[in-house]
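Undergrad: What follows is run-v1.cif, made up of mmCIF, C-alpha atoms and all ligand atoms:
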data_coords
#
loop_
_atom_site.label_atom_id
_atom_site.label_comp_id
_atom_site.auth_asym_id
_atom_site.auth_seq_id
_atom_site.Cartn_x
_atom_site.Cartn_y
_atom_site.Cartn_z
CA MET Q 38 113.24 99.30 114.15
CA ARG Q 39 110.22 100.39 112.15
CA LYS Q 40 107.69 97.89 110.89
CA LYS Q 41 107.31 96.83 107.30
CA ILE Q 42 103.70 96.30 106.33
CA VAL Q 43 101.85 95.07 103.28
CA ALA Q 44 98.18 95.94 103.66
CA ALA Q 45 95.31 94.86 101.43
CA ASN Q 46 92.55 97.35 100.75
CA TRP Q 47 89.73 95.34 99.22
CA LYS Q 48 87.65 98.50 98.68
CA MET Q 49 84.06 97.55 97.66
CA HIS Q 50 84.90 94.14 96.22
CA LEU Q 51 84.07 90.48 96.93
CA SER Q 52 81.02 88.63 98.21
CA LEU Q 53 81.23 87.02 101.63
CA ASN Q 54 82.16 83.66 100.11
CA GLU Q 55 84.72 85.15 97.76
CA GLY Q 56 86.33 86.92 100.70
CA LYS Q 57 86.43 83.70 102.67
CA GLU Q 58 88.17 81.87 99.84
CA LEU Q 59 90.68 84.65 99.32
CA VAL Q 60 91.65 84.77 103.00
CA HIS Q 61 91.86 80.97 103.06
CA ASP Q 62 94.26 80.98 100.09
CA ILE Q 63 96.35 83.79 101.55
CA LEU Q 64 96.71 82.00 104.88
CA LYS Q 65 97.70 78.79 103.11
CA GLY Q 66 100.61 80.46 101.32
CA LEU Q 67 101.67 82.97 103.95
CA GLN Q 68 105.30 82.90 105.09
CA GLY Q 69 108.16 85.10 106.23
CA LEU Q 70 106.23 87.39 108.58
CA ASP Q 71 107.46 88.34 112.04
CA GLU Q 72 106.86 91.14 114.56
CA HIS Q 73 108.59 93.62 112.27
CA LYS Q 74 107.04 92.39 109.02
CA LEU Q 75 103.26 92.43 109.05
CA THR Q 76 100.26 92.01 106.84
CA VAL Q 77 96.89 93.72 107.20
CA ILE Q 78 93.69 92.79 105.40
CA ALA Q 79 91.22 95.67 105.26
CA THR Q 80 87.92 94.19 104.19
CA PRO Q 81 84.48 95.74 103.68
CA PHE Q 82 82.56 95.98 106.97
CA VAL Q 83 80.32 92.98 106.27
CA HIS Q 84 83.38 90.70 106.00
CA LEU Q 85 85.04 91.76 109.23
CA ASN Q 86 83.51 89.22 111.55
CA GLN Q 87 84.14 86.32 109.20
CA THR Q 88 87.72 87.40 108.45
CA ALA Q 89 88.41 87.91 112.17
CA GLY Q 90 87.47 84.27 112.73
CA GLN Q 91 89.72 83.09 109.91
CA LEU Q 92 92.71 85.08 111.19
CA GLN Q 93 92.39 83.71 114.71
CA GLY Q 94 95.49 81.73 115.67
CA HIS Q 95 97.58 83.29 112.87
CA SER Q 96 100.39 85.63 113.85
CA HIS Q 97 101.49 88.92 112.29
CA ILE Q 98 98.43 89.17 110.05
CA TYR Q 99 95.87 91.70 111.24
CA LEU Q 100 92.32 92.67 110.45
CA GLY Q 101 91.71 96.14 109.05
CA ALA Q 102 88.70 98.32 108.23
CA GLN Q 103 88.52 100.92 105.49
CA ASN Q 104 86.80 103.75 107.33
CA CYS Q 105 85.11 104.75 110.58
CA HIS Q 106 82.79 107.54 111.69
CA THR Q 107 83.97 110.60 113.64
CA GLU Q 108 81.65 109.80 116.56
CA ALA Q 109 81.63 106.82 118.91
CA MET Q 110 77.87 106.24 118.62
CA GLY Q 111 74.64 107.95 117.74
CA ALA Q 112 71.95 108.50 115.14
CA TYR Q 113 74.13 108.16 112.04
CA THR Q 114 72.22 105.75 109.83
CA GLY Q 115 74.46 103.49 107.80
CA GLU Q 116 77.68 104.41 109.60
CA ILE Q 117 80.15 102.30 111.59
CA SER Q 118 82.05 103.53 114.64
CA ALA Q 119 85.55 102.91 115.92
CA PRO Q 120 84.31 101.08 119.07
CA MET Q 121 82.26 98.77 116.83
CA LEU Q 122 85.35 97.98 114.78
CA LYS Q 123 87.33 97.28 117.92
CA SER Q 124 84.57 94.97 119.17
CA VAL Q 125 84.85 92.67 116.13
CA GLY Q 126 88.63 92.35 116.35
CA VAL Q 127 89.83 95.11 114.02
CA THR Q 128 93.41 96.28 114.67
CA TYR Q 129 93.97 98.81 111.86
CA VAL Q 130 91.64 101.32 110.24
CA ILE Q 131 92.36 103.19 107.02
CA VAL Q 132 91.65 106.90 107.43
CA GLY Q 133 91.61 109.46 104.62
CA HIS Q 134 91.78 107.24 101.57
CA SER Q 135 91.61 109.47 98.48
CA GLU Q 136 88.36 107.79 97.44
CA ARG Q 137 86.80 108.84 100.75
CA ARG Q 138 88.19 112.35 100.33
CA GLU Q 139 86.88 112.63 96.78
CA TYR Q 140 83.52 110.80 96.80
CA PHE Q 141 82.51 111.43 100.41
CA LYS Q 142 84.00 114.90 100.80
CA GLU Q 143 86.19 114.01 103.76
CA ASP Q 144 88.51 116.91 104.51
CA ASN Q 145 91.60 117.26 106.67
CA THR Q 146 89.60 118.47 109.69
CA MET Q 147 87.20 115.53 109.56
CA LEU Q 148 90.13 113.14 109.14
CA ALA Q 149 91.77 114.59 112.25
CA LYS Q 150 88.58 113.65 114.14
CA LYS Q 151 88.48 110.16 112.64
CA THR Q 152 92.12 109.66 113.58
CA ASP Q 153 91.34 110.76 117.14
CA ILE Q 154 88.38 108.48 117.66
CA ALA Q 155 90.23 105.53 116.16
CA LEU Q 156 93.27 106.02 118.39
CA HIS Q 157 91.09 106.70 121.41
CA ASN Q 158 89.47 103.29 120.89
CA GLY Q 159 92.76 101.44 120.65
CA LEU Q 160 92.90 101.12 116.87
CA GLN Q 161 95.99 101.73 114.76
CA VAL Q 162 95.51 104.22 111.94
CA ILE Q 163 96.70 103.87 108.36
CA PHE Q 164 96.53 107.51 107.35
CA CYS Q 165 96.42 108.09 103.59
CA CYS Q 166 97.77 111.12 101.81
CA GLY Q 167 98.61 111.90 98.22
CA GLU Q 168 98.18 114.41 95.44
CA HIS Q 169 96.10 114.78 92.27
CA LEU Q 170 97.76 114.72 88.87
CA GLU Q 171 97.45 118.51 88.41
CA ILE Q 172 99.37 119.02 91.63
CA ARG Q 173 102.08 116.62 90.54
CA ASP Q 174 102.25 118.30 87.14
CA ALA Q 175 102.64 121.69 88.86
CA ASN Q 176 105.36 120.14 91.06
CA THR Q 177 103.61 121.28 94.25
CA GLN Q 178 103.06 117.77 95.65
CA ASN Q 179 105.36 118.24 98.63
CA ALA Q 180 103.45 121.23 100.01
CA PHE Q 181 100.12 119.51 99.31
CA VAL Q 182 100.98 116.31 101.17
CA GLU Q 183 102.57 118.28 104.01
CA LYS Q 184 99.31 120.21 104.50
CA GLN Q 185 97.33 116.95 104.67
CA ILE Q 186 99.64 115.63 107.38
CA VAL Q 187 99.89 118.86 109.36
CA GLU Q 188 96.13 119.45 109.40
CA SER Q 189 95.11 115.89 110.26
CA LEU Q 190 97.94 114.55 112.42
CA PHE Q 191 99.94 117.37 114.02
CA HIS Q 192 97.55 117.73 116.97
CA LEU Q 193 98.56 114.22 118.12
CA ASN Q 194 101.13 113.77 120.85
CA ALA Q 195 104.25 111.70 120.25
CA GLU Q 196 102.80 108.66 121.98
CA GLN Q 197 99.66 108.72 119.86
CA LEU Q 198 101.72 109.09 116.70
CA GLN Q 199 103.33 105.72 117.40
CA ASN Q 200 100.00 104.13 116.47
CA VAL Q 201 99.86 105.83 113.08
CA VAL Q 202 101.18 104.47 109.79
CA ILE Q 203 101.24 106.80 106.79
CA ALA Q 204 100.34 105.55 103.32
CA TYR Q 205 101.43 107.76 100.43
CA GLU Q 206 99.03 107.15 97.56
CA PRO Q 207 99.43 109.48 94.59
CA ILE Q 208 95.90 109.68 93.18
CA TRP Q 209 97.14 109.53 89.58
CA ALA Q 210 98.59 106.09 90.33
CA ILE Q 211 95.55 104.50 91.99
CA GLY Q 212 93.85 101.90 89.84
CA THR Q 213 95.37 103.44 86.72
CA GLY Q 214 98.21 101.00 86.10
CA ARG Q 215 100.49 104.04 86.19
CA THR Q 216 102.81 103.57 89.16
CA ALA Q 217 104.96 106.25 90.70
CA SER Q 218 108.58 105.50 89.85
CA SER Q 219 110.57 104.18 92.74
CA GLN Q 220 112.45 107.50 92.75
CA GLN Q 221 109.20 109.49 93.00
CA ALA Q 222 108.03 107.25 95.85
CA GLN Q 223 111.36 107.44 97.67
CA ASP Q 224 111.51 111.24 97.32
CA MET Q 225 108.02 111.72 98.74
CA HIS Q 226 108.63 109.26 101.58
CA VAL Q 227 111.76 111.19 102.56
CA HIS Q 228 109.73 114.39 102.46
CA ILE Q 229 107.02 112.86 104.68
CA ARG Q 230 109.67 111.64 107.11
CA ASN Q 231 111.13 115.17 107.23
CA VAL Q 232 107.68 116.63 107.90
CA ILE Q 233 107.24 114.20 110.81
CA SER Q 234 110.73 114.96 112.06
CA SER Q 235 110.10 118.73 112.04
CA LYS Q 236 107.38 118.29 114.66
CA TYR Q 237 108.18 115.04 116.49
CA GLY Q 238 111.95 114.69 116.05
CA GLN Q 239 114.17 112.33 114.12
CA VAL Q 240 113.58 109.24 116.26
CA ALA Q 241 109.82 109.41 115.79
CA ALA Q 242 110.32 110.01 112.07
CA ASN Q 243 112.66 107.03 111.79
CA ASN Q 244 110.15 104.83 113.59
CA MET Q 245 107.24 105.83 111.34
CA SER Q 246 106.24 103.20 108.79
CA ILE Q 247 105.47 104.87 105.45
CA LEU Q 248 103.73 102.70 102.87
CA TYR Q 249 103.37 103.29 99.16
CA GLY Q 250 100.03 102.72 97.40
CA GLY Q 251 98.98 103.06 93.77
CA SER Q 252 99.16 100.23 91.21
CA CYS Q 253 101.65 98.33 93.34
CA LYS Q 254 101.78 94.82 91.90
CA PRO Q 255 104.08 91.80 91.62
CA SER Q 256 106.01 93.34 88.72
CA ASN Q 257 107.02 96.48 90.61
CA ALA Q 258 106.80 95.60 94.31
CA GLU Q 259 110.44 94.50 94.63
CA GLU Q 260 111.76 97.72 93.12
CA LEU Q 261 109.48 99.91 95.24
CA PHE Q 262 110.24 98.06 98.47
CA ALA Q 263 113.97 98.26 97.78
CA CYS Q 264 113.74 102.03 98.40
CA PRO Q 265 115.12 102.74 101.88
CA ASP Q 266 112.14 104.88 102.93
CA VAL Q 267 109.39 102.70 101.44
CA ASP Q 268 108.30 100.43 104.29
CA GLY Q 269 105.76 98.38 102.37
CA GLY Q 270 102.57 98.98 100.46
CA LEU Q 271 98.82 99.55 100.57
CA ILE Q 272 97.52 97.32 97.83
CA GLY Q 273 94.21 97.60 95.98
CA GLY Q 274 93.61 95.52 92.87
CA ALA Q 275 96.55 93.16 93.32
CA ALA Q 276 95.32 92.26 96.82
CA LEU Q 277 92.23 90.60 95.35
CA LYS Q 278 94.26 87.68 93.96
CA ALA Q 279 95.94 85.44 96.53
CA ASP Q 280 99.00 84.68 94.36
CA ASP Q 281 99.65 88.33 93.56
CA PHE Q 282 99.16 89.44 97.15
CA LEU Q 283 101.43 86.67 98.46
CA PHE Q 284 104.10 87.66 95.93
CA ILE Q 285 103.93 91.26 97.17
CA ILE Q 286 104.19 90.10 100.80
CA ASP Q 287 107.24 88.04 99.83
CA ALA Q 288 108.81 91.10 98.20
CA MET Q 289 108.31 93.00 101.47
CA THR Q 290 109.71 90.27 103.72
CA LYS Q 291 112.80 89.84 101.51
CA ALA Q 292 113.46 93.57 101.00
P1 LIG C 1 95.44 99.98 93.40
O1 LIG C 1 96.53 99.09 93.98
O2 LIG C 1 94.31 99.22 92.83
O3 LIG C 1 96.01 101.03 92.49
O4 LIG C 1 94.81 100.76 94.65
C1 LIG C 1 95.66 101.40 95.53
C2 LIG C 1 94.87 101.86 96.69
O5 LIG C 1 94.07 102.77 96.57
C3 LIG C 1 95.02 101.15 97.96
O6 LIG C 1 94.40 101.82 98.99
#
Show the structure stored in the file as structure tokens.
TA:
Amino acid sequence: MRKKIVAANWKMHLSLNEGKELVHDILKGLQGLDEHKLTVIATPFVHLNQTAGQLQGHSHIYLGAQNCHTEAMGAYTGEISAPMLKSVGVTYVIVGHSERREYFKEDNTMLAKKTDIALHNGLQVIFCCGEHLEIRDANTQNAFVEKQIVESLFHLNAEQLQNVVIAYEPIWAIGTGRTASSQQAQDMHVHIRNVISSKYGQVAANNMSILYGGSCKPSNAEELFACPDVDGGLIGGAALKADDFLFIIDAMTKA
């Protein structure tokens, strides 16, 4: 049985105190999680230690980071490595978010390396993929997303792949208020599952959690999560308000 996951991506938001309050409020209202229905909170690096402390003693809610470097250590001023993340209690790391691809020029080859170092250090990877608006308008999104997955994940063996979650985030839906329709999300998730199946077989594909991200909010979470191949969401803006985030978690646990 594959896991359902609602993950918060705080991006570059919240002071240390604001983060503390938000996690406090989320923990107060959290219900309905179990080993198959999880929550992840991916904070900025400076919050990780504090959030790790707050999550201690709480089940099925995990600490996430938003990025890691390709190398384990070295002279890379300003960077954070996978072993460092592991050492502060991080379980999941987001790799290949479209904002990293666009603003920090991360390409499929670099993301293959980041995936490797994360897995090698015992982290689970939330691997992001998704197309630009022009690609969607040209109806070539399936080939585009397939290339992202093939070039960054297909060198993994089947065992390694078990520690990867895929998040489909159409770029035209991120932070725009314009959500993919549930049919568009479902169609792409089926395509991604088929891509995984073509290399790793149907069982691995069925076990892969595939999350949707892009303006997912309380008003559309239920409809999105009702899609059979949408296994939860990667949430940006709506994860910054405890009530909204808790509502979205509820939608996932009841789907
Ligand atoms: P929004 O939910 O703000 O559109 O962000 C989605 C996202 O990029 C999550 O990683």
Undergrad: Nearest residue to Gly133 in chain Q out of Q:Leu261, Q:Leu75, Q:Ile272, Q:Val202, using only C-alpha atoms?
TA: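 Of Q:Leu261, Q:Leu75, Q:Ile272, Q:Val202, the one nearest Gly133 in chain Q, counting only C-alpha atoms, is Q:Val202.
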Undergrad: Between CA of Val182 in chain Q and CA of Pro207 in chain Q, what distance in Å does the model show, to one decimal?
TA: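 These atoms are spaced 9.6 Å apart.
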Undergrad: Find the nearest atom pair between each residue of chain Q and ligand LIG 1 (chain C) for residues within 6 Å, count only C-alpha atoms and all ligand atoms, give distances in Å to one decimal, sort rows by chain and ascending number, and present the table as CSV.
TA:
residue,atom,partner,partner_atom,distance
Q:Asn46,CA,C:LIG1,O6,5.1
Q:Ile211,CA,C:LIG1,O3,3.5
Q:Gly212,CA,C:LIG1,O3,3.5
Q:Gly250,CA,C:LIG1,C1,4.9
Q:Gly251,CA,C:LIG1,O3,3.8
Q:Ser252,CA,C:LIG1,O3,3.5
Q:Cys253,CA,C:LIG1,O1,5.2
Q:Leu271,CA,C:LIG1,C3,4.9
Q:Ile272,CA,C:LIG1,O1,4.4
Q:Gly273,CA,C:LIG1,O1,3.4
Q:Gly274,CA,C:LIG1,O2,3.8
Q:Ala275,CA,C:LIG1,O1,6.0
Undergrad: What is the distance between CA of Ala102 in chain Q and CA of Thr80 in chain Q, in Å to one decimal?
TA: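 Interatomic distance here is 5.8 Å.
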Undergrad: Excluding Ser219 in chain Q and residues on its chain fewer than 2 positions from it, collect all residues at most 10 Å away from it, counting only C-alpha atoms, and give them as a list in words.
TA: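 The filter keeps Thr216, Ala217, Gln221, Ala222, Gln223, Asp224, Met225, Tyr249, Asn257, Ala258, Glu259, Glu260, Leu261, Phe262, Ala263, Cys264 and Val267 of chain Q.
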Undergrad: Which value, in Å to one decimal, gives the distance between CA of Thr152 in chain Q and CA of Gln93 in chain Q?
TA: 26.0 Å
Undergrad: Excluding same-chain residues fewer than 4 positions from Leu248 in chain Q, what lies within 8 Å of it counting all atoms listed in the file, as a list in words?
TA: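 Selected residues are Ile42, Val43, Val202, Ile203, Ala204, Tyr205, Val267, Asp268, Gly269, Gly270 and Leu271 of chain Q.
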Undergrad: Range 158-163 of chain Q: which residues within 6 Å, counting only C-alpha atoms, same-chain residues fewer than 5 positions away excluded, as a count of residues only?
TA: 10
Undergrad: Of the candidates Q:Leu51, Q:Leu92, Q:Val77, Q:Ala241, which shows the shortest atom-to-atom distance to Leu64 in chain Q, using all atoms listed in the file?
TA: Q:Leu92
Undergrad: Distance cut-off 9 Å, centre (95.4, 119.2, 114.2) in file coordinates, counting only C-alpha atoms: which residues qualify? Return them as a list in words.
TA: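 With a cut-off of 9 Å, the residues come to Asn145, Thr146, Ala149, Lys150, Ile186, Val187, Glu188, Ser189, Leu190, Phe191, His192 and Leu193 of chain Q.
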Undergrad: Residues within 9 Å of Gln178 in chain Q, please, as an MDAnalysis selection string. Count all atoms listed in the file; anything in the same chain fewer than 6 positions from it doesn't count.
TA: chainID Q and resid 167:169 172 225
Undergrad: Looking at all atoms listed in the file, which of Q:Leu156, Q:Lys291, Q:Cys166, Q:Glu206 is the one that sits closest to Ala180 in chain Q?
TA: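 Closest candidate: Q:Cys166.
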Undergrad: Identify, on the basis of all atoms listed in the file, every residue whose closest approach to Ile233 in chain Q does not exceed 7 Å; exclude the query and any residue fewer than 4 positions from it along the same chain; express the result as a PyMOL selection string.
TA: chain Q and resi 229+237+242
Undergrad: Given all atoms listed in the file as the basis, pick out the residue of Q:Met38, Q:Val232, Q:Ile247, Q:Cys105 nearest to Phe181 in chain Q.
TA: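 Looking at the shortest contact to Phe181 in chain Q, the residue is Q:Val232.
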Undergrad: Which residue gives the smallest distance to Lys74 in chain Q among Q:Asn231, Q:Ser256, Q:Thr177, Q:Ser246, with all atoms listed in the file counted?
TA: Q:Ser246
Undergrad: Find the residue from Q:Arg173, Q:Lys278, Q:His157, Q:His106 that sits nearest to Glu196 in chain Q; use all atoms listed in the file when measuring.
TA: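 Using all atoms listed in the file, the shortest distance to Glu196 in chain Q belongs to Q:His157.
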Undergrad: Taking N, CA, C and O atoms as the atom set, what does range 97-112 of chain Q look like once completed, written as a JSON list (two decimals), in the coordinates of the input?
TA:
[["chain", "number", "residue", "atom", "x", "y", "z"],
["Q", 97, "HIS", "N", 100.93, 87.85, 113.15],
["Q", 97, "HIS", "CA", 101.49, 88.92, 112.29],
["Q", 97, "HIS", "C", 100.62, 89.23, 111.08],
["Q", 97, "HIS", "O", 101.10, 89.84, 110.13],
["Q", 98, "ILE", "N", 99.39, 88.77, 111.09],
["Q", 98, "ILE", "CA", 98.43, 89.17, 110.05],
["Q", 98, "ILE", "C", 97.21, 89.73, 110.77],
["Q", 98, "ILE", "O", 96.65, 89.07, 111.66],
["Q", 99, "TYR", "N", 96.85, 90.96, 110.45],
["Q", 99, "TYR", "CA", 95.87, 91.70, 111.24],
["Q", 99, "TYR", "C", 94.66, 92.10, 110.40],
["Q", 99, "TYR", "O", 94.77, 92.32, 109.19],
["Q", 100, "LEU", "N", 93.56, 92.25, 111.10],
["Q", 100, "LEU", "CA", 92.32, 92.67, 110.45],
["Q", 100, "LEU", "C", 92.27, 94.20, 110.38],
["Q", 100, "LEU", "O", 92.58, 94.89, 111.35],
["Q", 101, "GLY", "N", 91.85, 94.70, 109.22],
["Q", 101, "GLY", "CA", 91.71, 96.14, 109.05],
["Q", 101, "GLY", "C", 90.33, 96.50, 108.54],
["Q", 101, "GLY", "O", 89.63, 95.68, 107.94],
["Q", 102, "ALA", "N", 89.92, 97.76, 108.80],
["Q", 102, "ALA", "CA", 88.70, 98.32, 108.23],
["Q", 102, "ALA", "C", 89.11, 99.49, 107.34],
["Q", 102, "ALA", "O", 90.22, 99.98, 107.42],
["Q", 103, "GLN", "N", 88.18, 99.91, 106.50],
["Q", 103, "GLN", "CA", 88.52, 100.92, 105.49],
["Q", 103, "GLN", "C", 88.08, 102.33, 105.85],
["Q", 103, "GLN", "O", 88.39, 103.28, 105.13],
["Q", 104, "ASN", "N", 87.37, 102.45, 106.97],
["Q", 104, "ASN", "CA", 86.80, 103.75, 107.33],
["Q", 104, "ASN", "C", 86.18, 103.61, 108.71],
["Q", 104, "ASN", "O", 85.89, 102.50, 109.17],
["Q", 105, "CYS", "N", 85.98, 104.73, 109.40],
["Q", 105, "CYS", "CA", 85.11, 104.75, 110.58],
["Q", 105, "CYS", "C", 84.49, 106.13, 110.68],
["Q", 105, "CYS", "O", 84.94, 107.07, 110.03],
["Q", 106, "HIS", "N", 83.46, 106.25, 111.50],
["Q", 106, "HIS", "CA", 82.79, 107.54, 111.69],
["Q", 106, "HIS", "C", 83.57, 108.39, 112.68],
["Q", 106, "HIS", "O", 84.42, 107.88, 113.41],
["Q", 107, "THR", "N", 83.28, 109.69, 112.70],
["Q", 107, "THR", "CA", 83.97, 110.60, 113.64],
["Q", 107, "THR", "C", 83.46, 110.44, 115.07],
["Q", 107, "THR", "O", 84.14, 110.83, 116.01],
["Q", 108, "GLU", "N", 82.24, 109.91, 115.22],
["Q", 108, "GLU", "CA", 81.65, 109.80, 116.56],
["Q", 108, "GLU", "C", 81.65, 108.35, 117.03],
["Q", 108, "GLU", "O", 81.65, 107.42, 116.21],
["Q", 109, "ALA", "N", 81.59, 108.16, 118.34],
["Q", 109, "ALA", "CA", 81.63, 106.82, 118.91],
["Q", 109, "ALA", "C", 80.29, 106.09, 118.77],
["Q", 109, "ALA", "O", 80.25, 104.86, 118.69],
["Q", 110, "MET", "N", 79.20, 106.84, 118.76],
["Q", 110, "MET", "CA", 77.87, 106.24, 118.62],
["Q", 110, "MET", "C", 76.86, 107.33, 118.31],
["Q", 110, "MET", "O", 77.20, 108.52, 118.42],
["Q", 111, "GLY", "N", 75.68, 106.94, 117.93],
["Q", 111, "GLY", "CA", 74.64, 107.95, 117.74],
["Q", 111, "GLY", "C", 73.77, 107.67, 116.54],
["Q", 111, "GLY", "O", 73.84, 106.62, 115.91],
["Q", 112, "ALA", "N", 72.92, 108.64, 116.22],
["Q", 112, "ALA", "CA", 71.95, 108.50, 115.14],
["Q", 112, "ALA", "C", 72.62, 108.87, 113.81],
["Q", 112, "ALA", "O", 72.45, 109.98, 113.31]]
